[in-house]
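Visitor: Structure file structure04.pdb (PDB, C-alpha atoms and all ligand atoms) is given on the next line.
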```
ATOM      1  CA  MET A   1     -48.926 155.044-147.685
ATOM      2  CA  SER A   2     -49.567 151.884-149.647
ATOM      3  CA  SER A   3     -46.636 149.897-150.941
ATOM      4  CA  LEU A   4     -46.464 147.697-153.982
ATOM      5  CA  PHE A   5     -45.457 144.792-151.726
ATOM      6  CA  GLU A   6     -47.670 145.460-148.747
ATOM      7  CA  ASP A   7     -49.398 142.078-149.005
ATOM      8  CA  ASP A   8     -46.147 140.157-149.449
ATOM      9  CA  PRO A   9     -44.099 140.366-146.247
ATOM     10  CA  ARG A  10     -41.278 138.417-147.855
ATOM     11  CA  LEU A  11     -40.722 141.059-150.499
ATOM     12  CA  ALA A  12     -41.411 143.940-148.125
ATOM     13  CA  ALA A  13     -38.650 142.663-145.835
ATOM     14  CA  ARG A  14     -35.839 143.029-148.371
ATOM     15  CA  GLU A  15     -33.113 145.288-147.096
ATOM     16  CA  PRO A  16     -30.464 146.005-149.749
ATOM     17  CA  LEU A  17     -26.938 146.384-148.358
ATOM     18  CA  GLU A  18     -25.286 147.298-151.652
ATOM     19  CA  GLU A  19     -25.103 146.001-155.215
ATOM     20  CA  GLY A  20     -25.037 142.191-154.958
ATOM     21  CA  ALA A  21     -25.926 142.069-151.250
ATOM     22  CA  VAL A  22     -29.285 141.985-149.496
ATOM     23  CA  ILE A  23     -30.781 141.075-146.123
ATOM     24  CA  LEU A  24     -33.991 139.040-146.387
ATOM     25  CA  ARG A  25     -35.548 139.758-143.014
ATOM     26  CA  ALA A  26     -37.250 136.768-141.333
ATOM     27  CA  TYR A  27     -36.978 134.825-144.600
ATOM     28  CA  ALA A  28     -36.294 131.525-142.777
ATOM     29  CA  ALA A  29     -38.308 132.277-139.623
ATOM     30  CA  GLY A  30     -41.035 129.775-140.483
ATOM     31  CA  GLN A  31     -38.483 126.959-140.790
ATOM     32  CA  ALA A  32     -36.146 127.957-137.981
ATOM     33  CA  ALA A  33     -37.074 125.108-135.639
ATOM     34  CA  GLU A  34     -36.638 122.483-138.367
ATOM     35  CA  LEU A  35     -33.326 124.009-139.437
ATOM     36  CA  VAL A  36     -32.005 123.952-135.872
ATOM     37  CA  GLY A  37     -33.153 120.329-135.548
ATOM     38  CA  ALA A  38     -31.368 119.347-138.768
ATOM     39  CA  ALA A  39     -28.180 121.128-137.656
ATOM     40  CA  GLY A  40     -28.337 119.180-134.376
ATOM     41  CA  GLU A  41     -28.621 115.935-136.287
ATOM     42  CA  ILE A  42     -25.617 116.826-138.453
ATOM     43  CA  SER A  43     -23.608 117.612-135.321
ATOM     44  CA  ARG A  44     -24.290 114.131-133.964
ATOM     45  CA  ALA A  45     -22.421 112.652-136.970
ATOM     46  CA  ALA A  46     -19.863 115.483-137.321
ATOM     47  CA  PRO A  47     -19.455 117.158-133.909
ATOM     48  CA  PHE A  48     -18.922 120.896-133.440
ATOM     49  CA  ARG A  49     -15.254 121.660-132.817
ATOM     50  CA  HIS A  50     -13.083 124.714-132.291
ATOM     51  CA  LEU A  51     -10.695 124.899-135.232
ATOM     52  CA  VAL A  52      -7.163 126.248-134.986
ATOM     53  CA  THR A  53      -6.090 128.939-137.457
ATOM     54  CA  PRO A  54      -2.817 128.723-139.400
ATOM     55  CA  GLY A  55      -1.496 131.301-136.911
ATOM     56  CA  GLY A  56      -2.183 128.954-133.998
ATOM     57  CA  TYR A  57      -5.261 130.758-132.611
ATOM     58  CA  THR A  58      -8.198 128.594-131.461
ATOM     59  CA  MET A  59     -11.440 130.021-132.861
ATOM     60  CA  SER A  60     -14.147 130.976-130.333
ATOM     61  CA  VAL A  61     -16.867 129.863-132.769
ATOM     62  CA  ALA A  62     -17.460 126.093-132.909
ATOM     63  CA  MET A  63     -17.904 124.675-136.415
ATOM     64  CA  THR A  64     -19.062 121.689-138.395
ATOM     65  CA  ASN A  65     -20.179 121.174-142.014
ATOM     66  CA  CYS A  66     -22.510 119.344-144.307
ATOM     67  CA  GLY A  67     -22.382 118.948-148.067
ATOM     68  CA  ARG A  68     -19.949 117.571-150.642
ATOM     69  CA  VAL A  69     -17.073 119.419-148.990
ATOM     70  CA  GLY A  70     -16.547 121.227-145.694
ATOM     71  CA  TRP A  71     -14.394 124.162-144.603
ATOM     72  CA  VAL A  72     -11.555 123.275-142.268
ATOM     73  CA  SER A  73      -8.570 125.024-140.768
ATOM     74  CA  ASP A  74      -5.436 123.852-139.002
ATOM     75  CA  ARG A  75      -1.789 124.871-138.657
ATOM     76  CA  SER A  76      -1.221 124.095-142.351
ATOM     77  CA  GLY A  77      -3.941 126.447-143.651
ATOM     78  CA  TYR A  78      -7.596 126.893-144.604
ATOM     79  CA  ARG A  79      -9.148 124.541-147.159
ATOM     80  CA  TYR A  80     -12.217 122.586-148.211
ATOM     81  CA  SER A  81     -12.130 118.866-147.567
ATOM     82  CA  PRO A  82     -14.532 116.076-148.625
ATOM     83  CA  ASP A  83     -13.909 114.322-145.295
ATOM     84  CA  ASP A  84     -14.233 115.395-141.704
ATOM     85  CA  PRO A  85     -10.673 115.279-140.339
ATOM     86  CA  GLU A  86     -12.071 114.410-136.867
ATOM     87  CA  THR A  87     -13.952 111.287-137.953
ATOM     88  CA  GLY A  88     -12.198 110.457-141.245
ATOM     89  CA  LYS A  89     -15.654 110.122-142.834
ATOM     90  CA  PRO A  90     -17.366 112.219-145.517
ATOM     91  CA  TRP A  91     -19.321 115.188-144.131
ATOM     92  CA  PRO A  92     -23.050 114.491-143.665
ATOM     93  CA  ALA A  93     -25.088 115.181-146.816
ATOM     94  CA  MET A  94     -26.749 118.565-147.140
ATOM     95  CA  PRO A  95     -30.418 118.150-146.147
ATOM     96  CA  GLY A  96     -32.950 118.972-148.878
ATOM     97  CA  LEU A  97     -34.433 121.585-146.538
ATOM     98  CA  PHE A  98     -31.071 123.400-146.413
ATOM     99  CA  LEU A  99     -30.522 123.251-150.160
ATOM    100  CA  ARG A 100     -34.001 124.520-151.055
ATOM    101  CA  LEU A 101     -33.746 127.408-148.607
ATOM    102  CA  ALA A 102     -30.328 128.434-149.941
ATOM    103  CA  GLN A 103     -31.482 128.223-153.556
ATOM    104  CA  ASN A 104     -34.680 130.177-152.928
ATOM    105  CA  ALA A 105     -32.835 132.896-151.005
ATOM    106  CA  ALA A 106     -30.161 133.153-153.713
ATOM    107  CA  ASP A 107     -32.896 133.397-156.334
ATOM    108  CA  GLU A 108     -34.628 136.131-154.310
ATOM    109  CA  ALA A 109     -31.334 138.048-154.374
ATOM    110  CA  GLY A 110     -30.938 137.623-158.145
ATOM    111  CA  PHE A 111     -28.492 134.696-158.190
ATOM    112  CA  ARG A 112     -29.797 131.793-160.200
ATOM    113  CA  PRO A 113     -28.960 128.982-160.632
ATOM    114  CA  TYR A 114     -27.232 128.337-157.303
ATOM    115  CA  ASP A 115     -25.747 124.967-156.470
ATOM    116  CA  PRO A 116     -23.933 125.230-153.137
ATOM    117  CA  ASP A 117     -21.641 122.313-152.383
ATOM    118  CA  ALA A 118     -20.795 123.288-148.816
ATOM    119  CA  CYS A 119     -22.667 124.474-145.742
ATOM    120  CA  LEU A 120     -20.526 125.633-142.832
ATOM    121  CA  ILE A 121     -22.441 125.496-139.560
ATOM    122  CA  ASN A 122     -21.201 127.942-136.915
ATOM    123  CA  ARG A 123     -22.194 127.820-133.258
ATOM    124  CA  TYR A 124     -21.671 130.971-131.208
ATOM    125  CA  GLN A 125     -21.912 131.164-127.432
ATOM    126  CA  ALA A 126     -21.625 134.234-125.206
ATOM    127  CA  GLY A 127     -18.385 135.965-126.180
ATOM    128  CA  SER A 128     -17.852 134.025-129.438
ATOM    129  CA  LYS A 129     -16.923 136.259-132.344
ATOM    130  CA  LEU A 130     -15.675 136.151-135.895
ATOM    131  CA  GLY A 131     -13.105 138.764-136.853
ATOM    132  CA  LEU A 132     -13.413 140.824-140.005
ATOM    133  CA  HIS A 133     -12.609 138.591-143.007
ATOM    134  CA  GLN A 134     -13.371 137.859-146.645
ATOM    135  CA  ASP A 135     -14.608 134.438-147.751
ATOM    136  CA  ARG A 136     -12.006 133.629-150.372
ATOM    137  CA  ASP A 137     -11.270 129.916-150.191
ATOM    138  CA  GLU A 138     -13.884 129.117-152.854
ATOM    139  CA  ASN A 139     -13.043 128.683-156.542
ATOM    140  CA  ASP A 140     -16.315 130.268-157.609
ATOM    141  CA  GLN A 141     -15.838 133.997-157.095
ATOM    142  CA  TRP A 142     -19.295 135.096-158.251
ATOM    143  CA  ALA A 143     -21.810 132.716-156.664
ATOM    144  CA  PRO A 144     -23.188 134.138-153.436
ATOM    145  CA  ILE A 145     -22.649 133.290-149.821
ATOM    146  CA  VAL A 146     -26.060 132.622-148.256
ATOM    147  CA  SER A 147     -26.015 133.115-144.497
ATOM    148  CA  VAL A 148     -28.905 132.028-142.249
ATOM    149  CA  SER A 149     -29.145 133.252-138.640
ATOM    150  CA  LEU A 150     -30.847 131.047-136.034
ATOM    151  CA  GLY A 151     -31.352 131.517-132.302
ATOM    152  CA  LEU A 152     -29.769 134.352-130.326
ATOM    153  CA  PRO A 153     -29.383 137.673-132.159
ATOM    154  CA  ALA A 154     -25.979 138.876-133.301
ATOM    155  CA  THR A 155     -24.319 142.043-134.488
ATOM    156  CA  PHE A 156     -23.105 141.467-138.031
ATOM    157  CA  VAL A 157     -20.286 143.755-139.122
ATOM    158  CA  TRP A 158     -20.454 144.709-142.800
ATOM    159  CA  GLY A 159     -17.440 146.556-144.148
ATOM    160  CA  GLY A 160     -16.095 147.227-147.619
ATOM    161  CA  LYS A 161     -13.690 145.782-150.159
ATOM    162  CA  ARG A 162     -10.667 146.825-148.134
ATOM    163  CA  ARG A 163     -10.073 145.823-144.535
ATOM    164  CA  GLY A 164      -9.868 149.416-143.344
ATOM    165  CA  ASP A 165     -13.105 150.582-145.023
ATOM    166  CA  PRO A 166     -15.863 151.933-142.754
ATOM    167  CA  ALA A 167     -18.110 149.167-141.414
ATOM    168  CA  ARG A 168     -21.791 149.063-140.521
ATOM    169  CA  ARG A 169     -23.121 147.137-137.516
ATOM    170  CA  ILE A 170     -26.351 145.306-138.302
ATOM    171  CA  ARG A 171     -28.499 143.332-135.884
ATOM    172  CA  LEU A 172     -29.420 139.889-137.224
ATOM    173  CA  GLU A 173     -32.315 138.002-135.656
ATOM    174  CA  SER A 174     -33.324 134.363-135.880
ATOM    175  CA  GLY A 175     -34.651 133.694-139.387
ATOM    176  CA  ASP A 176     -32.823 136.556-141.106
ATOM    177  CA  VAL A 177     -30.931 135.573-144.258
ATOM    178  CA  VAL A 178     -28.089 137.595-145.778
ATOM    179  CA  VAL A 179     -27.012 136.967-149.380
ATOM    180  CA  TRP A 180     -23.877 138.466-150.915
ATOM    181  CA  GLY A 181     -22.303 137.629-154.241
ATOM    182  CA  GLY A 182     -21.226 139.041-157.598
ATOM    183  CA  PRO A 183     -19.846 142.554-157.063
ATOM    184  CA  ALA A 184     -20.237 142.179-153.248
ATOM    185  CA  ARG A 185     -18.629 138.742-153.036
ATOM    186  CA  PHE A 186     -15.398 139.890-151.350
ATOM    187  CA  ILE A 187     -16.798 142.373-148.871
ATOM    188  CA  TYR A 188     -15.128 142.176-145.453
ATOM    189  CA  HIS A 189     -17.551 140.982-142.777
ATOM    190  CA  GLY A 190     -17.560 139.586-139.264
ATOM    191  CA  VAL A 191     -19.602 139.019-136.125
ATOM    192  CA  ALA A 192     -19.217 141.013-132.877
ATOM    193  CA  PRO A 193     -18.891 139.074-129.594
ATOM    194  CA  LEU A 194     -22.218 137.363-128.907
ATOM    195  CA  LYS A 195     -24.183 138.753-125.974
ATOM    196  CA  ASP A 196     -25.303 136.453-123.199
ATOM    197  CA  GLY A 197     -28.891 135.261-123.536
ATOM    198  CA  THR A 198     -31.296 132.380-123.986
ATOM    199  CA  HIS A 199     -33.369 131.647-127.051
ATOM    200  CA  PRO A 200     -36.297 129.206-127.156
ATOM    201  CA  LEU A 201     -34.815 127.382-130.188
ATOM    202  CA  THR A 202     -31.126 127.245-129.349
ATOM    203  CA  GLY A 203     -30.773 127.987-125.611
ATOM    204  CA  PRO A 204     -27.549 129.929-124.987
ATOM    205  CA  ALA A 205     -26.383 129.833-128.605
ATOM    206  CA  ARG A 206     -26.621 131.327-132.048
ATOM    207  CA  ILE A 207     -26.396 128.946-134.990
ATOM    208  CA  ASN A 208     -25.412 130.285-138.399
ATOM    209  CA  LEU A 209     -25.520 128.368-141.665
ATOM    210  CA  THR A 210     -23.366 129.664-144.498
ATOM    211  CA  PHE A 211     -23.771 128.126-147.899
ATOM    212  CA  ARG A 212     -20.950 128.329-150.424
ATOM    213  CA  LYS A 213     -20.287 127.317-153.993
ATOM    214  CA  VAL A 214     -16.741 126.047-153.789
ATOM    215  CA  PHE A 215     -16.116 124.198-157.075
TER
HETATM  216  C1  LIG A 301     -19.346 133.810-141.716
HETATM  217  O1  LIG A 301     -18.900 134.886-142.078
HETATM  218  O2  LIG A 301     -18.878 132.754-142.151
HETATM  219  C2  LIG A 301     -20.479 133.731-140.733
HETATM  220  C3  LIG A 301     -21.290 134.957-140.601
HETATM  221  C4  LIG A 301     -22.316 134.843-139.507
HETATM  222  O3  LIG A 301     -22.168 134.066-138.567
HETATM  223  O4  LIG A 301     -23.328 135.588-139.567
HETATM  224 FE   FE2 A 302     -17.543 134.730-143.759
END
```
Show me this structure written as C-alpha cells.
Ligand code: SIN
Ligand code: FE2
Guide:
Amino acid sequence: MSSLFEDDPRLAAREPLEEGAVILRAYAAGQAAELVGAAGEISRAAPFRHLVTPGGYTMSVAMTNCGRVGWVSDRSGYRYSPDDPETGKPWPAMPGLFLRLAQNAADEAGFRPYDPDACLINRYQAGSKLGLHQDRDENDQWAPIVSVSLGLPATFVWGGKRRGDPARRIRLESGDVVVWGGPARFIYHGVAPLKDGTHPLTGPARINLTFRKVF
C-alpha cells in the first residue's frame, strides 16, 4: 500500500506516543557521530560525574551539561546552575549542532519556537538506570523535553501522569529522538538498566542528550 510519506523517511518514522509526545525514529542518525564527538569535547571541559540525590543516593548515570544553565543535584536538592559546581566555571556553550537539532525536532513535533537553555548529557554504562520520574525543575511547563539517544540501545519506560499509571517499555536506538511537551510535559518516564554491549560510536556506553527550556 502506498503511503503519503513513503518518499520521506523522516516523516514516515514518526511514532506518536500520545498528545504532545512523539518518537522521531532515526531522526539524528545521520549526525550521531558528530553529536558523540561534541559531547566528548564538552566532557573534557565539564567532566561526567555521578551526582548525589537529596536522599543521599549516588546516581548510576554519569552526567554533565552544556548551555546557559545545567541541571545539578546534591544533598541540598535539585536545581539549575549557571556554573559547574565541580570546576566553578560556566558550563560549556551549547554547540550550534545541538541547538539546531533540538529546534528542528521540536518543530517536527509541533513545538515552535523552541529556545532550550540547557542540555543535560547522560552517560549510561551496563547496569545504569534512571528511575521513573517527571522533569519538573524547569520554570517553563509547556516547552518540550527533546531527548536524543546515541550509542547502545536502551529500554525507555513511558508511563502516565501519575506514578502508578501503567507504563510502556520502548526500545530506543542510536539516532532516535523523543519529544514530549504541552499536555505530555509531566509524564513519568525512566530508563531500564542498560544491557551490556559495545557500539561503534560509544563503545560500552549510551549517551543521551536532553534539551530543556528552563527559564
Ligand atoms: C531523562 O529522562 O532525563 C533521560 C531519558 C533518557 O536517557 O532517555
Ligand atoms: Fe527525565
Visitor: So which residues touch A:Phe156 within 9 Å, counting only C-alpha atoms, skipping near sequence neighbours fewer than 5 positions away, as a VMD selection string?
Guide: chain A and resid 168 to 172 189 to 192
Visitor: Those residues you just picked out, can you put them in a file as a CSV table (one decimal), in the frame of the given file with C-alpha atoms?
Guide:
```csv
chain,number,residue,atom,x,y,z
A,168,ARG,CA,-21.8,149.1,-140.5
A,169,ARG,CA,-23.1,147.1,-137.5
A,170,ILE,CA,-26.4,145.3,-138.3
A,171,ARG,CA,-28.5,143.3,-135.9
A,172,LEU,CA,-29.4,139.9,-137.2
A,189,HIS,CA,-17.6,141.0,-142.8
A,190,GLY,CA,-17.6,139.6,-139.3
A,191,VAL,CA,-19.6,139.0,-136.1
A,192,ALA,CA,-19.2,141.0,-132.9
```
Visitor: Within 12 Å of ligand FE2 302 (chain A) (counting all atoms listed in the file), which residues show up? I'd like them as number ranges by chain.
Guide: A: 71, 119-122, 129-138, 144-148, 156-159, 178-181, 185-191, 208-212
Visitor: Using only C-alpha atoms for the distances, tell me which of A:Leu201, A:Ala93, A:Val69, A:Val52 is nearest to A:Glu34.
Guide: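 Using only C-alpha atoms, A:Glu34 sits closest to A:Leu201.
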Visitor: Could you check the closest approach to ligand LIG 301 (chain A) for each of A:Ala109, A:Leu99, A:Val36, A:Ile23 and tell me which residue wins, using only C-alpha atoms and all ligand atoms?
Guide: A:Ile23
Visitor: Expanded to explicit residues, what is the PyMOL selection byres (((chain A and resi 111) around 9) and not hetatm) for this file, as a PyMOL selection string?
Guide: chain A and resi 20+103+105-110+112-114+143-144+181-182
Visitor: Would you save stretch 171-182 of chain A from the block above with C-alpha atoms, as a CSV table (one decimal), in the first residue's frame?
Guide:
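What ended up in part_12.csv:
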```csv
chain,number,residue,atom,x,y,z
A,171,ARG,CA,13.4,0.3,22.7
A,172,LEU,CA,15.4,3.4,21.7
A,173,GLU,CA,18.2,3.0,19.2
A,174,SER,CA,21.1,5.4,18.4
A,175,GLY,CA,19.7,8.4,16.5
A,176,ASP,CA,16.1,8.1,17.9
A,177,VAL,CA,14.7,11.4,19.2
A,178,VAL,CA,11.8,11.6,21.7
A,179,VAL,CA,9.9,14.9,22.1
A,180,TRP,CA,7.4,15.5,24.9
A,181,GLY,CA,5.8,18.8,25.9
A,182,GLY,CA,2.5,20.6,26.3
```
